[in-house]
Amino acid sequence: MKLLSVNLGRPKAVPYTDQPEGVTGIDKQPADGPVRVAAPGPKGVGASGLAGDTVCDTRHHGGDDQAVYAVAREDLDDWERELGRTLPNGAFGENLTTSGLDVSGARIGERWRIGPEVVLEVTCGRIPCLTFQGHVGEERWVKRFTERGAPGAYLRVITPGEIRTGDPVEIVHRPDHDVTVTLQFRAVTVERKLLPRLLAAGEALHPEWLAAARTYVTKYGA
């Protein structure tokens, strides 16, 4: 398991975002050299966990519980075959493109060490939006991406440090529950009846989805 690329975005004006300034940082490109990773601060205040990376829509992106976004190269390859075109590393707006790591199959609370210093913790899957659809440029993209159920993973920073292309990735902690990123994604998108199962992940789960699961149980029961 290794890091194929570390991808950073710069503000770019596009016609497909609802941001007031009309800019997005979703167009991420592989970086040269090491990149500093650290917790950016609470959502709405903090942005990306990677130095030099831009998050323009801090309403829905960035913050400590969505500090880093990872996608498996294997998933990009699957989409390449389906779409019939090349998807370079960073094509989905991900900060980390990995190889040999089942990103969407990771468990909530799973921890990865990247390189000698950095430790990240899986919090939830990525919810597709219209900016993502406009960036990819495929019709019905939000629906197709949701149906696939391989959303990639958001992570919080447990131990800061530097990472770079080629760094090894090691799973240093795997919780004993069965709440994977894919299960969490399905629960909050197309199979709400799965929400009670998310409670097994506890405080490791992104707080917004933990609150949604608790509300569901209060209203409908487990």
# chains A, B, ... in the order shown; residues from 1 in each chain; ligands from 1
$ residues_around --residues "Asn95 (chain A)" --least-positions-apart "3" --cutoff "6 Å" --atoms "only C-alpha atoms" --output "PyMOL selection string"
chain A and resi 6-7+69-70
$ write_last_selection --atoms "N, CA and C atoms" --output "PDB file, in the first residue's frame"
ATOM      1  N   VAL A   6       0.121  13.185  -4.008  1.00  0.00           N
ATOM      2  CA  VAL A   6      -0.493  14.148  -3.084  1.00  0.00           C
ATOM      3  C   VAL A   6      -0.963  15.298  -3.965  1.00  0.00           C
ATOM      4  N   ASN A   7      -2.276  15.605  -3.907  1.00  0.00           N
ATOM      5  CA  ASN A   7      -2.864  16.528  -4.869  1.00  0.00           C
ATOM      6  C   ASN A   7      -3.391  17.787  -4.182  1.00  0.00           C
ATOM      7  N   TYR A  69      -9.019  14.148   1.867  1.00  0.00           N
ATOM      8  CA  TYR A  69      -9.893  13.263   1.100  1.00  0.00           C
ATOM      9  C   TYR A  69      -9.035  12.312   0.274  1.00  0.00           C
ATOM     10  N   ALA A  70      -9.322  11.007   0.389  1.00  0.00           N
ATOM     11  CA  ALA A  70      -8.536   9.980  -0.292  1.00  0.00           C
ATOM     12  C   ALA A  70      -9.402   9.167  -1.243  1.00  0.00           C
TER      13      ALA A  70
END
$ residues_around --residues "Leu8 (chain A)" --least-positions-apart "4" --cutoff "7 Å" --atoms "only C-alpha atoms" --output "list in words"
Lys28, Gln29, Pro30, Ala31, Gly52, Asp53 and Asn95 of chain A
$ residues_around --residues "His60 (chain A)" --least-positions-apart "6" --cutoff "12 Å" --atoms "only C-alpha atoms" --output "PDB file with N, CA, C and O atoms, in the first residue's frame"
ATOM      1  N   ASP A  18     -21.916  26.951  -7.087  1.00  0.00           N
ATOM      2  CA  ASP A  18     -22.837  27.937  -6.531  1.00  0.00           C
ATOM      3  C   ASP A  18     -22.156  28.859  -5.531  1.00  0.00           C
ATOM      4  O   ASP A  18     -22.814  29.641  -4.845  1.00  0.00           O
ATOM      5  N   GLN A  19     -20.833  28.789  -5.463  1.00  0.00           N
ATOM      6  CA  GLN A  19     -20.098  29.707  -4.605  1.00  0.00           C
ATOM      7  C   GLN A  19     -20.295  31.146  -5.086  1.00  0.00           C
ATOM      8  O   GLN A  19     -20.269  31.392  -6.305  1.00  0.00           O
ATOM      9  N   PRO A  42     -12.020  23.836  13.105  1.00  0.00           N
ATOM     10  CA  PRO A  42     -13.412  23.404  12.951  1.00  0.00           C
ATOM     11  C   PRO A  42     -13.977  23.717  11.572  1.00  0.00           C
ATOM     12  O   PRO A  42     -13.536  24.659  10.899  1.00  0.00           O
ATOM     13  N   LYS A  43     -14.977  22.933  11.171  1.00  0.00           N
ATOM     14  CA  LYS A  43     -15.652  23.166   9.900  1.00  0.00           C
ATOM     15  C   LYS A  43     -16.273  24.559   9.892  1.00  0.00           C
ATOM     16  O   LYS A  43     -16.837  25.016  10.885  1.00  0.00           O
ATOM     17  N   GLY A  44     -16.153  25.213   8.743  1.00  0.00           N
ATOM     18  CA  GLY A  44     -16.647  26.568   8.627  1.00  0.00           C
ATOM     19  C   GLY A  44     -15.597  27.608   8.945  1.00  0.00           C
ATOM     20  O   GLY A  44     -15.719  28.773   8.559  1.00  0.00           O
ATOM     21  N   VAL A  45     -14.549  27.168   9.645  1.00  0.00           N
ATOM     22  CA  VAL A  45     -13.419  28.039   9.977  1.00  0.00           C
ATOM     23  C   VAL A  45     -12.155  27.500   9.306  1.00  0.00           C
ATOM     24  O   VAL A  45     -11.489  28.193   8.543  1.00  0.00           O
ATOM     25  N   GLY A  46     -11.853  26.226   9.603  1.00  0.00           N
ATOM     26  CA  GLY A  46     -10.710  25.577   8.970  1.00  0.00           C
ATOM     27  C   GLY A  46     -11.061  25.111   7.570  1.00  0.00           C
ATOM     28  O   GLY A  46     -12.235  24.898   7.244  1.00  0.00           O
ATOM     29  N   ALA A  47     -10.054  24.936   6.758  1.00  0.00           N
ATOM     30  CA  ALA A  47     -10.276  24.493   5.381  1.00  0.00           C
ATOM     31  C   ALA A  47      -9.602  23.141   5.173  1.00  0.00           C
ATOM     32  O   ALA A  47      -9.954  22.164   5.807  1.00  0.00           O
ATOM     33  N   SER A  48      -8.603  23.079   4.318  1.00  0.00           N
ATOM     34  CA  SER A  48      -7.929  21.822   4.030  1.00  0.00           C
ATOM     35  C   SER A  48      -6.866  21.512   5.075  1.00  0.00           C
ATOM     36  O   SER A  48      -6.258  22.417   5.665  1.00  0.00           O
ATOM     37  N   GLN A  66     -13.011  16.597   8.029  1.00  0.00           N
ATOM     38  CA  GLN A  66     -12.885  16.392   6.584  1.00  0.00           C
ATOM     39  C   GLN A  66     -11.597  17.056   6.102  1.00  0.00           C
ATOM     40  O   GLN A  66     -11.564  17.726   5.085  1.00  0.00           O
ATOM     41  N   ALA A  67     -10.541  16.822   6.853  1.00  0.00           N
ATOM     42  CA  ALA A  67      -9.283  17.527   6.584  1.00  0.00           C
ATOM     43  C   ALA A  67      -8.589  17.027   5.330  1.00  0.00           C
ATOM     44  O   ALA A  67      -7.888  17.786   4.648  1.00  0.00           O
ATOM     45  N   ARG A 126     -17.443  10.588   0.995  1.00  0.00           N
ATOM     46  CA  ARG A 126     -17.695  11.864   0.320  1.00  0.00           C
ATOM     47  C   ARG A 126     -19.087  11.859  -0.313  1.00  0.00           C
ATOM     48  O   ARG A 126     -19.471  10.924  -1.007  1.00  0.00           O
ATOM     49  N   ILE A 127     -19.857  12.913  -0.074  1.00  0.00           N
ATOM     50  CA  ILE A 127     -21.161  13.076  -0.684  1.00  0.00           C
ATOM     51  C   ILE A 127     -20.987  13.872  -1.975  1.00  0.00           C
ATOM     52  O   ILE A 127     -20.471  14.987  -1.945  1.00  0.00           O
ATOM     53  N   PRO A 128     -21.404  13.336  -3.119  1.00  0.00           N
ATOM     54  CA  PRO A 128     -21.202  14.054  -4.381  1.00  0.00           C
ATOM     55  C   PRO A 128     -22.110  15.280  -4.480  1.00  0.00           C
ATOM     56  O   PRO A 128     -23.222  15.293  -3.947  1.00  0.00           O
ATOM     57  N   CYS A 129     -21.625  16.292  -5.160  1.00  0.00           N
ATOM     58  CA  CYS A 129     -22.377  17.541  -5.302  1.00  0.00           C
ATOM     59  C   CYS A 129     -22.341  17.987  -6.771  1.00  0.00           C
ATOM     60  O   CYS A 129     -21.664  17.388  -7.605  1.00  0.00           O
ATOM     61  N   THR A 131     -20.986  20.644  -7.997  1.00  0.00           N
ATOM     62  CA  THR A 131     -19.646  21.098  -8.392  1.00  0.00           C
ATOM     63  C   THR A 131     -18.816  19.913  -8.864  1.00  0.00           C
ATOM     64  O   THR A 131     -18.091  19.996  -9.870  1.00  0.00           O
ATOM     65  N   GLU A 208     -21.550  15.039  12.163  1.00  0.00           N
ATOM     66  CA  GLU A 208     -22.828  15.314  11.504  1.00  0.00           C
ATOM     67  C   GLU A 208     -23.602  14.023  11.257  1.00  0.00           C
ATOM     68  O   GLU A 208     -24.827  13.965  11.428  1.00  0.00           O
TER      69      GLU A 208
END
$ atom_distance --atom1 "CA of Arg144 (chain A)" --atom2 "CA of Gly22 (chain A)"
25.0 Å
$ closest_residue --among "A:Gly202, A:Gly41, A:Pro151, A:Gly166" --to "Gly105 (chain A)" --atoms "only C-alpha atoms"
A:Pro151
$ residues_around --residues "Gly161 (chain A)" --least-positions-apart "2" --cutoff "6 Å" --atoms "only C-alpha atoms" --output "MDAnalysis selection string"
chainID A and resid 36:37 117:118
$ write_last_selection --atoms "all heavy atoms" --output "compact mmCIF listing (two decimals), in the first residue's frame"
# COMPACT_ATOMS: atom_id res chain seq x y z
N ARG A 36 2.97 19.52 3.95
CA ARG A 36 2.66 19.51 5.38
C ARG A 36 1.18 19.20 5.59
O ARG A 36 0.31 19.75 4.93
CB ARG A 36 2.99 20.88 5.98
CG ARG A 36 2.70 21.01 7.48
CD ARG A 36 3.71 20.27 8.31
NE ARG A 36 3.38 20.36 9.75
CZ ARG A 36 4.04 19.70 10.69
NH1 ARG A 36 5.06 18.92 10.36
NH2 ARG A 36 3.70 19.83 11.96
N VAL A 37 0.90 18.29 6.55
CA VAL A 37 -0.46 17.91 6.88
C VAL A 37 -0.71 18.20 8.35
O VAL A 37 0.09 17.82 9.21
CB VAL A 37 -0.70 16.41 6.61
CG1 VAL A 37 -2.12 16.01 6.96
CG2 VAL A 37 -0.39 16.07 5.16
N GLU A 117 5.64 9.85 9.70
CA GLU A 117 5.07 10.71 10.74
C GLU A 117 3.56 10.71 10.79
O GLU A 117 2.97 10.53 11.87
CB GLU A 117 5.52 12.17 10.51
CG GLU A 117 7.00 12.42 10.55
CD GLU A 117 7.30 13.88 10.25
OE1 GLU A 117 6.97 14.36 9.15
OE2 GLU A 117 7.88 14.54 11.14
N VAL A 118 2.92 10.94 9.68
CA VAL A 118 1.50 11.30 9.65
C VAL A 118 0.59 10.12 9.96
O VAL A 118 0.76 9.03 9.40
CB VAL A 118 1.13 11.91 8.28
CG1 VAL A 118 -0.37 12.15 8.18
CG2 VAL A 118 1.88 13.23 8.09
$ closest_residue --among "A:Lys12, A:Lys2, A:His61, A:Arg192" --to "Arg164 (chain A)" --atoms "only C-alpha atoms"
A:Lys2
$ closest_residue --among "A:Thr159, A:Ser99, A:Thr86, A:Thr182" --to "Thr146 (chain A)" --atoms "only C-alpha atoms"
A:Thr182
$ closest_residue --among "A:Tyr16, A:Tyr220, A:Phe185, A:Phe145" --to "Ala106 (chain A)" --atoms "only C-alpha atoms"
A:Phe185
$ atom_distance --atom1 "CA of Pro34 (chain A)" --atom2 "CA of Val122 (chain A)"
21.8 Å
$ residues_around --residues "Gly137 (chain A)" --least-positions-apart "2" --cutoff "12 Å" --atoms "only C-alpha atoms" --output "list in words"
Pro15, Tyr16, Leu83, Arg85, Leu87, Ala91, Phe92, Leu130, Thr131, Phe132, Gln133, Gly134, His135, Glu139, Arg140, Trp141 and Val142 of chain A
$ write_last_selection --atoms "C-alpha atoms" --output "mmCIF file, in the first residue's frame"
data_model
loop_
_atom_site.group_PDB
_atom_site.id
_atom_site.type_symbol
_atom_site.label_atom_id
_atom_site.label_comp_id
_atom_site.auth_asym_id
_atom_site.auth_seq_id
_atom_site.Cartn_x
_atom_site.Cartn_y
_atom_site.Cartn_z
ATOM 1 C CA PRO A 15 -19.446 28.115 -14.409
ATOM 2 C CA TYR A 16 -20.693 25.121 -12.398
ATOM 3 C CA LEU A 83 -16.344 6.350 -19.009
ATOM 4 C CA ARG A 85 -11.443 8.302 -20.896
ATOM 5 C CA LEU A 87 -8.790 10.091 -15.178
ATOM 6 C CA ALA A 91 -9.423 13.822 -11.008
ATOM 7 C CA PHE A 92 -12.057 13.420 -8.287
ATOM 8 C CA LEU A 130 -23.120 19.543 -8.460
ATOM 9 C CA THR A 131 -19.646 21.098 -8.392
ATOM 10 C CA PHE A 132 -18.214 17.566 -8.554
ATOM 11 C CA GLN A 133 -20.581 16.751 -11.418
ATOM 12 C CA GLY A 134 -19.563 19.873 -13.322
ATOM 13 C CA HIS A 135 -15.887 19.139 -12.759
ATOM 14 C CA GLU A 139 -24.410 13.545 -17.199
ATOM 15 C CA ARG A 140 -26.222 12.159 -14.158
ATOM 16 C CA TRP A 141 -22.870 11.994 -12.383
ATOM 17 C CA VAL A 142 -24.187 12.527 -8.857
#
$ select_by_dssp --residues "region 52-214 of chain A" --states "strand (DSSP E or B)" --output "PyMOL selection string"
chain A and resi 68-72+96-99+107+111-114+118-125+153-159+161-163+168-173+180
$ residues_around --residues "Ala201 (chain A)" --least-positions-apart "6" --cutoff "9 Å" --atoms "only C-alpha atoms" --output "PyMOL selection string"
chain A and resi 107-109+175+177-179+210
$ select_by_dssp --residues "region 121-183 of chain A" --states "helix (DSSP H, G or I)" --output "list in words"
Leu130, Thr131, Phe132, Gln133, Gly134, His135, Val136, Trp141, Val142, Lys143, Arg144, Phe145, Thr146, Glu147, Arg148, Val181, Thr182 and Leu183 of chain A
$ closest_residue --among "A:Val23, A:Leu3, A:Ala211, A:Leu120" --to "Asn89 (chain A)" --atoms "only C-alpha atoms"
A:Leu3
$ decode --residues "region 148-165 of chain A" --atoms "N, CA and C atoms" --output "PDB file, in the first residue's frame"
ATOM      1  N   ARG A 148     -22.803   3.709  -7.380  1.00  0.00           N
ATOM      2  CA  ARG A 148     -21.591   2.879  -7.322  1.00  0.00           C
ATOM      3  C   ARG A 148     -21.226   2.565  -5.871  1.00  0.00           C
ATOM      4  N   GLY A 149     -21.402   3.519  -4.970  1.00  0.00           N
ATOM      5  CA  GLY A 149     -21.163   3.263  -3.552  1.00  0.00           C
ATOM      6  C   GLY A 149     -19.700   3.121  -3.168  1.00  0.00           C
ATOM      7  N   ALA A 150     -18.813   3.720  -3.935  1.00  0.00           N
ATOM      8  CA  ALA A 150     -17.386   3.725  -3.603  1.00  0.00           C
ATOM      9  C   ALA A 150     -16.935   5.186  -3.541  1.00  0.00           C
ATOM     10  N   PRO A 151     -17.278   5.871  -2.448  1.00  0.00           N
ATOM     11  CA  PRO A 151     -17.127   7.334  -2.418  1.00  0.00           C
ATOM     12  C   PRO A 151     -15.752   7.857  -2.056  1.00  0.00           C
ATOM     13  N   GLY A 152     -14.817   6.972  -1.708  1.00  0.00           N
ATOM     14  CA  GLY A 152     -13.572   7.469  -1.140  1.00  0.00           C
ATOM     15  C   GLY A 152     -13.806   7.897   0.295  1.00  0.00           C
ATOM     16  N   ALA A 153     -12.753   8.268   1.001  1.00  0.00           N
ATOM     17  CA  ALA A 153     -12.861   8.521   2.437  1.00  0.00           C
ATOM     18  C   ALA A 153     -12.326   9.888   2.831  1.00  0.00           C
ATOM     19  N   TYR A 154     -13.078  10.540   3.718  1.00  0.00           N
ATOM     20  CA  TYR A 154     -12.564  11.710   4.420  1.00  0.00           C
ATOM     21  C   TYR A 154     -11.832  11.233   5.669  1.00  0.00           C
ATOM     22  N   LEU A 155     -10.802  11.992   6.048  1.00  0.00           N
ATOM     23  CA  LEU A 155      -9.993  11.637   7.205  1.00  0.00           C
ATOM     24  C   LEU A 155      -9.675  12.859   8.037  1.00  0.00           C
ATOM     25  N   ARG A 156      -9.538  12.639   9.352  1.00  0.00           N
ATOM     26  CA  ARG A 156      -9.043  13.683  10.252  1.00  0.00           C
ATOM     27  C   ARG A 156      -7.567  13.411  10.553  1.00  0.00           C
ATOM     28  N   VAL A 157      -6.857  14.438  10.950  1.00  0.00           N
ATOM     29  CA  VAL A 157      -5.426  14.324  11.236  1.00  0.00           C
ATOM     30  C   VAL A 157      -5.236  14.008  12.711  1.00  0.00           C
ATOM     31  N   ILE A 158      -4.627  12.866  12.990  1.00  0.00           N
ATOM     32  CA  ILE A 158      -4.304  12.473  14.366  1.00  0.00           C
ATOM     33  C   ILE A 158      -2.892  12.921  14.720  1.00  0.00           C
ATOM     34  N   THR A 159      -1.954  12.666  13.834  1.00  0.00           N
ATOM     35  CA  THR A 159      -0.560  13.086  14.032  1.00  0.00           C
ATOM     36  C   THR A 159      -0.113  13.862  12.803  1.00  0.00           C
ATOM     37  N   PRO A 160       0.224  15.141  12.960  1.00  0.00           N
ATOM     38  CA  PRO A 160       0.647  15.941  11.802  1.00  0.00           C
ATOM     39  C   PRO A 160       2.058  15.594  11.351  1.00  0.00           C
ATOM     40  N   GLY A 161       2.406  16.120  10.202  1.00  0.00           N
ATOM     41  CA  GLY A 161       3.739  15.899   9.661  1.00  0.00           C
ATOM     42  C   GLY A 161       3.749  16.128   8.167  1.00  0.00           C
ATOM     43  N   GLU A 162       4.759  15.586   7.509  1.00  0.00           N
ATOM     44  CA  GLU A 162       4.896  15.753   6.064  1.00  0.00           C
ATOM     45  C   GLU A 162       4.676  14.428   5.346  1.00  0.00           C
ATOM     46  N   ILE A 163       4.061  14.507   4.167  1.00  0.00           N
ATOM     47  CA  ILE A 163       3.890  13.342   3.295  1.00  0.00           C
ATOM     48  C   ILE A 163       4.353  13.710   1.899  1.00  0.00           C
ATOM     49  N   ARG A 164       4.605  12.680   1.114  1.00  0.00           N
ATOM     50  CA  ARG A 164       5.019  12.919  -0.264  1.00  0.00           C
ATOM     51  C   ARG A 164       4.680  11.701  -1.109  1.00  0.00           C
ATOM     52  N   THR A 165       4.656  11.900  -2.416  1.00  0.00           N
ATOM     53  CA  THR A 165       4.421  10.810  -3.353  1.00  0.00           C
ATOM     54  C   THR A 165       5.390   9.657  -3.099  1.00  0.00           C
TER      55      THR A 165
END
